[in-house]
>>> print(open('entry_25.pdb').read())   # PDB, C-alpha atoms, pLDDT in the B column
MODEL        1
ATOM      1  CA  ALA N  27       0.000   0.000   0.000  1.00 77.00           C
ATOM      2  CA  HIS N  28       2.845   2.420   0.793  1.00 84.00           C
ATOM      3  CA  PHE N  29       4.232   2.256  -2.739  1.00 91.00           C
ATOM      4  CA  VAL N  30       0.886   2.177  -4.516  1.00 93.00           C
ATOM      5  CA  LEU N  31      -0.525   5.149  -2.597  1.00 86.00           C
ATOM      6  CA  ASN N  32       2.561   7.264  -1.914  1.00 87.00           C
ATOM      7  CA  ASN N  33       5.537   5.889  -3.914  1.00 89.00           C
ATOM      8  CA  ILE N  34       7.255   4.859  -0.661  1.00 89.00           C
ATOM      9  CA  THR N  35       9.807   2.135  -1.418  1.00 89.00           C
ATOM     10  CA  SER N  36      11.006   1.229   2.070  1.00 84.00           C
ATOM     11  CA  SER N  37       9.788   0.868   5.635  1.00 80.00           C
ATOM     12  CA  ILE N  38      11.706   1.025   8.894  1.00 80.00           C
ATOM     13  CA  MET N  39      10.800  -1.556  11.535  1.00 77.00           C
ATOM     14  CA  TRP N  40      11.432  -0.002  14.919  1.00 79.00           C
ATOM     15  CA  ASN N  41      12.783  -1.822  16.900  1.00 85.00           C
ATOM     16  CA  LEU N  42      14.315  -5.153  15.958  1.00 90.00           C
ATOM     17  CA  VAL N  43      13.942  -6.317  19.569  1.00 92.00           C
ATOM     18  CA  GLY N  44      11.598  -4.420  21.874  1.00 91.00           C
ATOM     19  CA  SER N  45      12.020  -4.549  25.649  1.00 89.00           C
ATOM     20  CA  TYR N  46       9.356  -2.040  26.597  1.00 86.00           C
ATOM     21  CA  PHE N  47       7.533  -3.211  29.686  1.00 82.00           C
ATOM     22  CA  HIS N  48       3.805  -3.947  29.901  1.00 82.00           C
ATOM     23  CA  GLY N  49       1.809  -0.753  30.146  1.00 81.00           C
ATOM     24  CA  THR N  50       4.195   1.376  28.104  1.00 81.00           C
ATOM     25  CA  MET N  51       3.141   2.904  24.790  1.00 79.00           C
ATOM     26  CA  TRP N  52       5.078   0.673  22.394  1.00 82.00           C
ATOM     27  CA  TYR N  53       4.957  -2.706  24.144  1.00 85.00           C
ATOM     28  CA  ALA N  54       5.092  -5.618  21.636  1.00 84.00           C
ATOM     29  CA  SER N  55       5.494  -3.285  18.628  1.00 84.00           C
ATOM     30  CA  SER N  56       8.841  -4.703  17.450  1.00 89.00           C
ATOM     31  CA  LEU N  57       9.970  -7.689  15.396  1.00 91.00           C
ATOM     32  CA  MET N  58      10.645  -9.537  18.638  1.00 92.00           C
ATOM     33  CA  THR N  59       9.727  -8.861  22.262  1.00 93.00           C
ATOM     34  CA  ALA N  60      12.003  -9.657  25.198  1.00 94.00           C
ATOM     35  CA  VAL N  61      11.028  -8.231  28.582  1.00 92.00           C
ATOM     36  CA  GLU N  62      12.377 -10.895  30.950  1.00 93.00           C
ATOM     37  CA  PRO N  63      16.186 -10.596  31.085  1.00 91.00           C
ATOM     38  CA  TRP N  64      16.175 -12.810  34.182  1.00 93.00           C
ATOM     39  CA  SER N  65      14.582 -15.730  32.270  1.00 94.00           C
ATOM     40  CA  GLY N  66      15.791 -15.109  28.711  1.00 94.00           C
ATOM     41  CA  HIS N  67      12.265 -15.606  27.362  1.00 95.00           C
ATOM     42  CA  TYR N  68      11.367 -13.913  24.071  1.00 94.00           C
ATOM     43  CA  ASP N  69       8.473 -13.848  21.592  1.00 92.00           C
ATOM     44  CA  VAL N  70       8.781 -13.762  17.803  1.00 90.00           C
ATOM     45  CA  ALA N  71       6.088 -11.492  16.382  1.00 88.00           C
ATOM     46  CA  PRO N  72       4.244 -12.360  13.146  1.00 87.00           C
ATOM     47  CA  VAL N  73       5.735  -9.233  11.560  1.00 87.00           C
ATOM     48  CA  VAL N  74       9.021 -11.188  11.275  1.00 91.00           C
ATOM     49  CA  TRP N  75       7.377 -13.389   8.644  1.00 92.00           C
ATOM     50  CA  ALA N  76       5.615 -10.465   6.991  1.00 91.00           C
ATOM     51  CA  THR N  77       9.058  -8.890   6.580  1.00 92.00           C
ATOM     52  CA  ALA N  78      10.414 -12.141   5.127  1.00 95.00           C
ATOM     53  CA  HIS N  79       7.950 -11.815   2.234  1.00 96.00           C
ATOM     54  CA  ILE N  80      10.149  -8.928   1.065  1.00 94.00           C
ATOM     55  CA  THR N  81      13.641  -9.663   2.336  1.00 94.00           C
ATOM     56  CA  GLN N  82      13.761 -13.310   1.196  1.00 96.00           C
ATOM     57  CA  PHE N  83      12.751 -12.456  -2.374  1.00 97.00           C
ATOM     58  CA  THR N  84      14.450  -9.162  -3.275  1.00 96.00           C
ATOM     59  CA  GLN N  85      17.807  -7.450  -3.149  1.00 94.00           C
ATOM     60  CA  ILE N  86      18.860  -3.831  -2.814  1.00 92.00           C
ATOM     61  CA  GLY N  87      18.750  -2.270  -6.270  1.00 93.00           C
ATOM     62  CA  TRP N  88      15.632  -4.022  -7.547  1.00 96.00           C
ATOM     63  CA  LYS N  89      13.087  -1.730  -9.217  1.00 96.00           C
ATOM     64  CA  TYR N  90       9.378  -1.319  -8.472  1.00 96.00           C
ATOM     65  CA  LEU N  91       7.032  -1.513 -11.448  1.00 96.00           C
ATOM     66  CA  ASP N  92       4.745   1.485 -11.795  1.00 95.00           C
ATOM     67  CA  VAL N  93       1.149   1.521 -10.640  1.00 96.00           C
ATOM     68  CA  GLY N  94      -0.901   0.246 -13.564  1.00 94.00           C
ATOM     69  CA  SER N  95       2.063  -1.666 -14.965  1.00 94.00           C
ATOM     70  CA  GLY N  96       2.682  -4.373 -12.374  1.00 94.00           C
ATOM     71  CA  SER N  97       1.563  -2.658  -9.170  1.00 96.00           C
ATOM     72  CA  GLY N  98      -1.883  -1.493  -8.073  1.00 96.00           C
ATOM     73  CA  GLN N  99      -4.998  -1.982  -5.970  1.00 93.00           C
ATOM     74  CA  PHE N 100      -7.441  -4.900  -6.070  1.00 94.00           C
ATOM     75  CA  SER N 101     -11.095  -4.223  -6.831  1.00 92.00           C
ATOM     76  CA  LYS N 102     -12.185  -5.730  -3.491  1.00 92.00           C
ATOM     77  CA  GLY N 103      -9.511  -4.094  -1.356  1.00 90.00           C
ATOM     78  CA  GLY N 104      -5.838  -4.820  -0.907  1.00 92.00           C
ATOM     79  CA  TYR N 105      -2.717  -3.998  -2.876  1.00 94.00           C
ATOM     80  CA  TYR N 106      -0.004  -5.622  -4.952  1.00 96.00           C
ATOM     81  CA  VAL N 107       3.476  -4.548  -6.008  1.00 97.00           C
ATOM     82  CA  THR N 108       6.022  -6.086  -8.347  1.00 97.00           C
ATOM     83  CA  MET N 109       9.791  -5.678  -8.014  1.00 97.00           C
ATOM     84  CA  ILE N 110      12.179  -6.777 -10.748  1.00 97.00           C
ATOM     85  CA  ASP N 111      15.873  -7.231 -11.449  1.00 97.00           C
ATOM     86  CA  ALA N 112      16.197  -7.061 -15.223  1.00 94.00           C
ATOM     87  CA  ASP N 113      19.871  -8.046 -15.160  1.00 95.00           C
ATOM     88  CA  THR N 114      19.162 -11.472 -13.625  1.00 95.00           C
ATOM     89  CA  ARG N 115      15.611 -11.762 -15.036  1.00 95.00           C
ATOM     90  CA  ASN N 116      14.046 -12.191 -11.628  1.00 97.00           C
ATOM     91  CA  PHE N 117      10.867 -10.680 -10.283  1.00 96.00           C
ATOM     92  CA  THR N 118       8.786 -10.816  -7.113  1.00 98.00           C
ATOM     93  CA  LEU N 119       5.114  -9.958  -6.757  1.00 98.00           C
ATOM     94  CA  ASN N 120       3.652  -9.276  -3.305  1.00 97.00           C
ATOM     95  CA  ALA N 121      -0.099  -9.178  -2.686  1.00 96.00           C
ATOM     96  CA  VAL N 122      -1.621  -8.027   0.616  1.00 94.00           C
ATOM     97  CA  LYS N 123      -5.172  -7.842   1.935  1.00 91.00           C
ATOM     98  CA  VAL N 124      -5.158  -6.234   5.373  1.00 83.00           C
ATOM     99  CA  ALA N 125      -8.473  -6.331   7.236  1.00 76.00           C
ATOM    100  CA  GLU N 126     -10.054  -2.986   8.027  1.00 70.00           C
ATOM    101  CA  ASN N 127      -9.524  -3.335  11.780  1.00 69.00           C
ATOM    102  CA  HIS N 128      -5.768  -3.783  11.230  1.00 67.00           C
ATOM    103  CA  ALA N 129      -5.306  -0.986   8.701  1.00 63.00           C
ATOM    104  CA  PHE N 130      -5.073   2.058  10.941  1.00 63.00           C
ATOM    105  CA  CYS N 131      -1.875   3.980  11.513  1.00 65.00           C
ATOM    106  CA  THR N 132      -0.765   5.327  14.868  1.00 62.00           C
ATOM    107  CA  ARG N 133       0.903   8.354  13.286  1.00 62.00           C
ATOM    108  CA  PRO N 134      -0.659   9.928  11.360  1.00 62.00           C
ATOM    109  CA  ALA N 135      -4.165   8.650  12.056  1.00 62.00           C
ATOM    110  CA  LEU N 136      -6.050   7.901   8.840  1.00 58.00           C
ATOM    111  CA  PRO N 137      -9.702   8.911   8.467  1.00 61.00           C
ATOM    112  CA  ARG N 138     -11.877   5.804   8.627  1.00 58.00           C
ATOM    113  CA  GLU N 139     -13.398   6.557   5.223  1.00 53.00           C
ATOM    114  CA  ASP N 140      -9.914   6.256   3.684  1.00 57.00           C
ATOM    115  CA  VAL N 141      -9.668   2.573   4.681  1.00 59.00           C
ATOM    116  CA  THR N 142     -11.115   0.332   1.967  1.00 65.00           C
ATOM    117  CA  PRO N 143     -13.054  -2.729   3.204  1.00 73.00           C
ATOM    118  CA  VAL N 144     -11.518  -5.955   1.912  1.00 84.00           C
ATOM    119  CA  GLU N 145     -13.025  -9.200   0.650  1.00 90.00           C
ATOM    120  CA  THR N 146     -11.521 -12.462  -0.556  1.00 92.00           C
ATOM    121  CA  GLU N 147     -11.169 -12.611  -4.344  1.00 94.00           C
ATOM    122  CA  ASN N 148      -9.567 -14.640  -7.115  1.00 96.00           C
ATOM    123  CA  ILE N 149      -7.081 -12.684  -9.193  1.00 96.00           C
ATOM    124  CA  LYS N 150      -5.630 -13.531 -12.601  1.00 96.00           C
ATOM    125  CA  PHE N 151      -2.173 -12.144 -13.330  1.00 96.00           C
ATOM    126  CA  VAL N 152      -0.910 -11.972 -16.923  1.00 95.00           C
ATOM    127  CA  LEU N 153       2.729 -11.338 -17.826  1.00 93.00           C
ATOM    128  CA  ALA N 154       3.282  -8.393 -20.133  1.00 92.00           C
ATOM    129  CA  ASP N 155       4.725  -9.016 -23.584  1.00 90.00           C
ATOM    130  CA  SER N 156       7.996  -7.423 -22.448  1.00 89.00           C
ATOM    131  CA  PHE N 157       8.579 -10.475 -20.216  1.00 91.00           C
ATOM    132  CA  LYS N 158       8.188 -13.043 -23.008  1.00 89.00           C
ATOM    133  CA  GLU N 159      11.938 -13.350 -23.479  1.00 92.00           C
ATOM    134  CA  TRP N 160      12.218 -14.383 -19.804  1.00 94.00           C
ATOM    135  CA  LEU N 161      10.135 -17.511 -20.451  1.00 94.00           C
ATOM    136  CA  PRO N 162      10.033 -20.324 -19.569  1.00 95.00           C
ATOM    137  CA  MET N 163      10.180 -19.646 -15.832  1.00 96.00           C
ATOM    138  CA  THR N 164       9.214 -21.228 -12.528  1.00 97.00           C
ATOM    139  CA  LEU N 165       7.394 -19.145  -9.929  1.00 97.00           C
ATOM    140  CA  TYR N 166       7.231 -20.037  -6.239  1.00 98.00           C
ATOM    141  CA  VAL N 167       4.222 -19.131  -4.100  1.00 98.00           C
ATOM    142  CA  TRP N 168       4.585 -18.361  -0.373  1.00 97.00           C
ATOM    143  CA  ARG N 169       1.671 -17.393   1.835  1.00 96.00           C
ATOM    144  CA  SER N 170       1.002 -16.030   5.321  1.00 94.00           C
ATOM    145  CA  ASN N 171      -2.298 -15.146   6.963  1.00 91.00           C
ATOM    146  CA  PHE N 172      -2.246 -13.174  10.196  1.00 83.00           C
ATOM    147  CA  ASP N 173      -5.966 -12.490  10.648  1.00 79.00           C
ATOM    148  CA  ILE N 174      -7.506 -15.261  12.751  1.00 66.00           C
ATOM    149  CA  ALA N 175     -10.771 -13.310  12.903  1.00 57.00           C
ATOM    150  CA  ALA N 176     -11.190 -13.829   9.148  1.00 53.00           C
ATOM    151  CA  GLY N 177     -11.995 -17.487   9.819  1.00 58.00           C
ATOM    152  CA  ILE N 178      -8.833 -18.791   8.127  1.00 59.00           C
ATOM    153  CA  SER N 179      -6.195 -20.824   9.917  1.00 62.00           C
ATOM    154  CA  LYS N 180      -3.228 -18.685  10.892  1.00 72.00           C
ATOM    155  CA  THR N 181      -0.219 -19.388   8.693  1.00 85.00           C
ATOM    156  CA  GLU N 182       3.223 -17.849   8.859  1.00 90.00           C
ATOM    157  CA  PHE N 183       5.467 -17.932   5.786  1.00 94.00           C
ATOM    158  CA  VAL N 184       4.499 -21.263   4.194  1.00 94.00           C
ATOM    159  CA  LYS N 185       5.712 -22.419   0.785  1.00 95.00           C
ATOM    160  CA  GLU N 186       2.539 -23.309  -1.074  1.00 94.00           C
ATOM    161  CA  ARG N 187       3.336 -24.419  -4.625  1.00 95.00           C
ATOM    162  CA  ALA N 188       5.275 -23.815  -7.828  1.00 97.00           C
ATOM    163  CA  ILE N 189       3.863 -22.414 -11.055  1.00 97.00           C
ATOM    164  CA  GLU N 190       5.351 -23.128 -14.482  1.00 96.00           C
ATOM    165  CA  LEU N 191       5.027 -20.398 -17.111  1.00 96.00           C
ATOM    166  CA  THR N 192       5.813 -20.976 -20.773  1.00 94.00           C
ATOM    167  CA  ALA N 193       5.480 -19.112 -24.046  1.00 90.00           C
ATOM    168  CA  THR N 194       1.962 -20.533 -24.386  1.00 91.00           C
ATOM    169  CA  SER N 195       0.989 -20.129 -20.716  1.00 92.00           C
ATOM    170  CA  GLN N 196       1.815 -16.645 -19.468  1.00 93.00           C
ATOM    171  CA  SER N 197      -0.746 -16.240 -16.693  1.00 95.00           C
ATOM    172  CA  PHE N 198      -1.577 -17.595 -13.248  1.00 96.00           C
ATOM    173  CA  GLU N 199      -4.373 -17.223 -10.725  1.00 96.00           C
ATOM    174  CA  LEU N 200      -4.298 -16.638  -6.971  1.00 95.00           C
ATOM    175  CA  GLU N 201      -6.962 -16.631  -4.304  1.00 95.00           C
ATOM    176  CA  ILE N 202      -6.183 -13.704  -2.011  1.00 94.00           C
ATOM    177  CA  ASN N 203      -7.951 -14.007   1.346  1.00 92.00           C
ATOM    178  CA  VAL N 204      -8.578 -11.351   3.968  1.00 90.00           C
ATOM    179  CA  GLY N 205      -5.438 -11.216   6.105  1.00 89.00           C
ATOM    180  CA  ASP N 206      -3.213 -12.724   3.408  1.00 93.00           C
ATOM    181  CA  VAL N 207       0.307 -11.774   2.469  1.00 95.00           C
ATOM    182  CA  VAL N 208       1.184 -13.703  -0.699  1.00 97.00           C
ATOM    183  CA  THR N 209       4.490 -13.710  -2.552  1.00 98.00           C
ATOM    184  CA  VAL N 210       5.001 -15.033  -6.088  1.00 98.00           C
ATOM    185  CA  SER N 211       8.643 -15.006  -7.118  1.00 98.00           C
ATOM    186  CA  THR N 212      11.241 -16.474  -9.432  1.00 97.00           C
ATOM    187  CA  ILE N 213      13.524 -16.733  -6.378  1.00 97.00           C
ATOM    188  CA  GLY N 214      13.548 -20.407  -5.426  1.00 95.00           C
ATOM    189  CA  ASN N 215      15.961 -20.557  -2.483  1.00 95.00           C
ATOM    190  CA  ALA N 216      13.815 -18.803   0.144  1.00 95.00           C
ATOM    191  CA  LYS N 217      13.400 -20.654   3.422  1.00 92.00           C
ATOM    192  CA  LYS N 218      11.772 -20.198   6.778  1.00 90.00           C
ATOM    193  CA  GLY N 219      14.356 -19.910   9.511  1.00 84.00           C
ATOM    194  CA  VAL N 220      14.035 -21.767  12.779  1.00 82.00           C
ATOM    195  CA  THR N 221      14.632 -19.959  16.043  1.00 77.00           C
ATOM    196  CA  ARG N 222      16.125 -21.518  19.151  1.00 83.00           C
ATOM    197  CA  LYS N 223      13.356 -22.566  21.512  1.00 91.00           C
ATOM    198  CA  SER N 224      12.623 -19.702  23.869  1.00 94.00           C
ATOM    199  CA  PRO N 225      13.208 -20.396  27.571  1.00 95.00           C
ATOM    200  CA  PRO N 226       9.983 -20.660  29.614  1.00 96.00           C
ATOM    201  CA  SER N 227       8.405 -17.375  30.598  1.00 95.00           C
ATOM    202  CA  GLN N 228       8.821 -16.230  34.219  1.00 94.00           C
ATOM    203  CA  PRO N 229       6.841 -12.969  34.401  1.00 91.00           C
ATOM    204  CA  GLN N 230       7.461 -12.425  38.103  1.00 92.00           C
ATOM    205  CA  PHE N 231      10.667 -10.517  38.794  1.00 90.00           C
ATOM    206  CA  PRO N 232      12.948 -12.690  40.981  1.00 91.00           C
ATOM    207  CA  LEU N 233      12.548 -11.196  44.453  1.00 93.00           C
ATOM    208  CA  PRO N 234      14.221 -10.532  46.775  1.00 94.00           C
ATOM    209  CA  TYR N 235      16.931  -8.828  44.723  1.00 91.00           C
ATOM    210  CA  SER N 236      19.817  -6.566  45.693  1.00 89.00           C
ATOM    211  CA  SER N 237      22.852  -5.082  43.965  1.00 86.00           C
ATOM    212  CA  GLY N 238      25.695  -2.842  45.052  1.00 85.00           C
ATOM    213  CA  PHE N 239      26.528  -2.008  41.403  1.00 87.00           C
ATOM    214  CA  GLU N 240      30.220  -2.747  42.032  1.00 86.00           C
ATOM    215  CA  GLN N 241      30.483  -4.939  38.921  1.00 88.00           C
ATOM    216  CA  VAL N 242      28.800  -2.445  36.583  1.00 90.00           C
ATOM    217  CA  ALA N 243      30.967  -0.291  34.309  1.00 91.00           C
ATOM    218  CA  VAL N 244      30.823   3.467  34.850  1.00 91.00           C
ATOM    219  CA  ALA N 245      28.174   5.251  32.745  1.00 89.00           C
ATOM    220  CA  GLN N 246      26.237   1.993  32.256  1.00 89.00           C
ATOM    221  CA  GLU N 247      22.850   0.998  33.647  1.00 86.00           C
ATOM    222  CA  GLY N 248      22.617  -1.342  36.563  1.00 86.00           C
ATOM    223  CA  GLU N 249      21.342  -4.816  35.805  1.00 86.00           C
ATOM    224  CA  TYR N 250      17.524  -4.932  35.510  1.00 85.00           C
ATOM    225  CA  TRP N 251      17.219  -1.139  35.686  1.00 81.00           C
ATOM    226  CA  THR N 252      15.369   0.653  32.897  1.00 75.00           C
ATOM    227  CA  ASP N 253      15.096   4.359  32.110  1.00 71.00           C
ATOM    228  CA  GLN N 254      11.493   4.918  31.081  1.00 67.00           C
ATOM    229  CA  ILE N 255      11.660   8.536  32.269  1.00 68.00           C
ATOM    230  CA  GLY N 256      14.997  10.072  33.188  1.00 69.00           C
ATOM    231  CA  ILE N 257      18.450   8.493  33.103  1.00 73.00           C
ATOM    232  CA  PHE N 258      19.905   6.067  35.604  1.00 80.00           C
ATOM    233  CA  GLU N 259      23.635   5.409  35.284  1.00 86.00           C
ATOM    234  CA  VAL N 260      26.323   4.032  37.532  1.00 88.00           C
ATOM    235  CA  HIS N 261      28.986   6.585  38.526  1.00 87.00           C
ATOM    236  CA  ALA N 262      31.934   6.369  40.861  1.00 84.00           C
ATOM    237  CA  GLU N 263      31.270   7.753  44.343  1.00 83.00           C
ATOM    238  CA  LEU N 264      32.822  11.177  44.740  1.00 83.00           C
ATOM    239  CA  PRO N 265      35.054  11.821  47.773  1.00 84.00           C
ATOM    240  CA  GLY N 266      33.152  13.316  50.659  1.00 77.00           C
ATOM    241  CA  THR N 267      29.701  12.173  49.467  1.00 68.00           C
TER     242      THR N 267
ENDMDL
END
>>> encode(input="entry_25.pdb", output="structure tokens")
Amino acid sequence: AHFVLNNITSSIMWNLVGSYFHGTMWYASSLMTAVEPWSGHYDVAPVVWATAHITQFTQIGWKYLDVGSGSGQFSKGGYYVTMIDADTRNFTLNAVKVAENHAFCTRPALPREDVTPVETENIKFVLADSFKEWLPMTLYVWRSNFDIAAGISKTEFVKERAIELTATSQSFELEINVGDVVTVSTIGNAKKGVTRKSPPSQPQFPLPYSSGFEQVAVAQEGEYWTDQIGIFEVHAELPGT
């Protein structure tokens, strides 16, 4: 949607790992959440796999196809963009249907009437004549769905199938469901990484706890301290204090 609506070609995910505590503004807004340094527990957010739909199938320097010529908006809500590398004859198409209740921005807030309701639909994609010399080609389909409320089983970055295109078969069809992120790409070596099993969660801070801060380097925070408002650093004791 960012490229189709505003020609924005990149997004910044802030932060990679979030350790904001419960009750703070941006809790669980990062790629991963880790708020228990005493247990080592962490959570991998679904946005990790949404990000993989781009990072596993493109490289810096690829070009976006213009709206109306490979990128655009679906008739029943949702968007698609195509990125290509003409030198290696690779391309990646990403299709997204975000449900209305997940489409609002924190900053700036979008008027509700600007959010298009989405419905599941079947889409036929046809390669332009300019891609004929790239044929034959194999396309790989990966799918995620993050909207449990849509009545579809939650999936995170699953390789679905391969599509063979030839000089006599230059089109393919996709069912795009509400909550879907679907990637169709010539890149065939994508894979879903496996994280180390997270240690069990221990939400309760381990009390009693005490520290004299003698092992903490000067100008660093004490273990388990966090500066939500103000700054807390360890400094050497001044003579006479």
>>> resolve_selection(input="entry_25.pdb", expression="the PyMOL selection byres ((chain N and resi 114) around 12)", output="VMD selection string")
chain N and resid 84 to 85 87 to 88 110 to 113 115 to 117 160 212 to 213
>>> resolve_selection(input="entry_25.pdb", expression="the PyMOL selection byres ((chain N and resi 194) around 10)", output="list of chain:residue names")
N:Lys158, N:Leu161, N:Pro162, N:Leu191, N:Thr192, N:Ala193, N:Ser195, N:Gln196, N:Ser197
>>> resolve_selection(input="entry_25.pdb", expression="the PyMOL selection byres ((chain N and resi 91) around 12)", output="count of residues only")
26
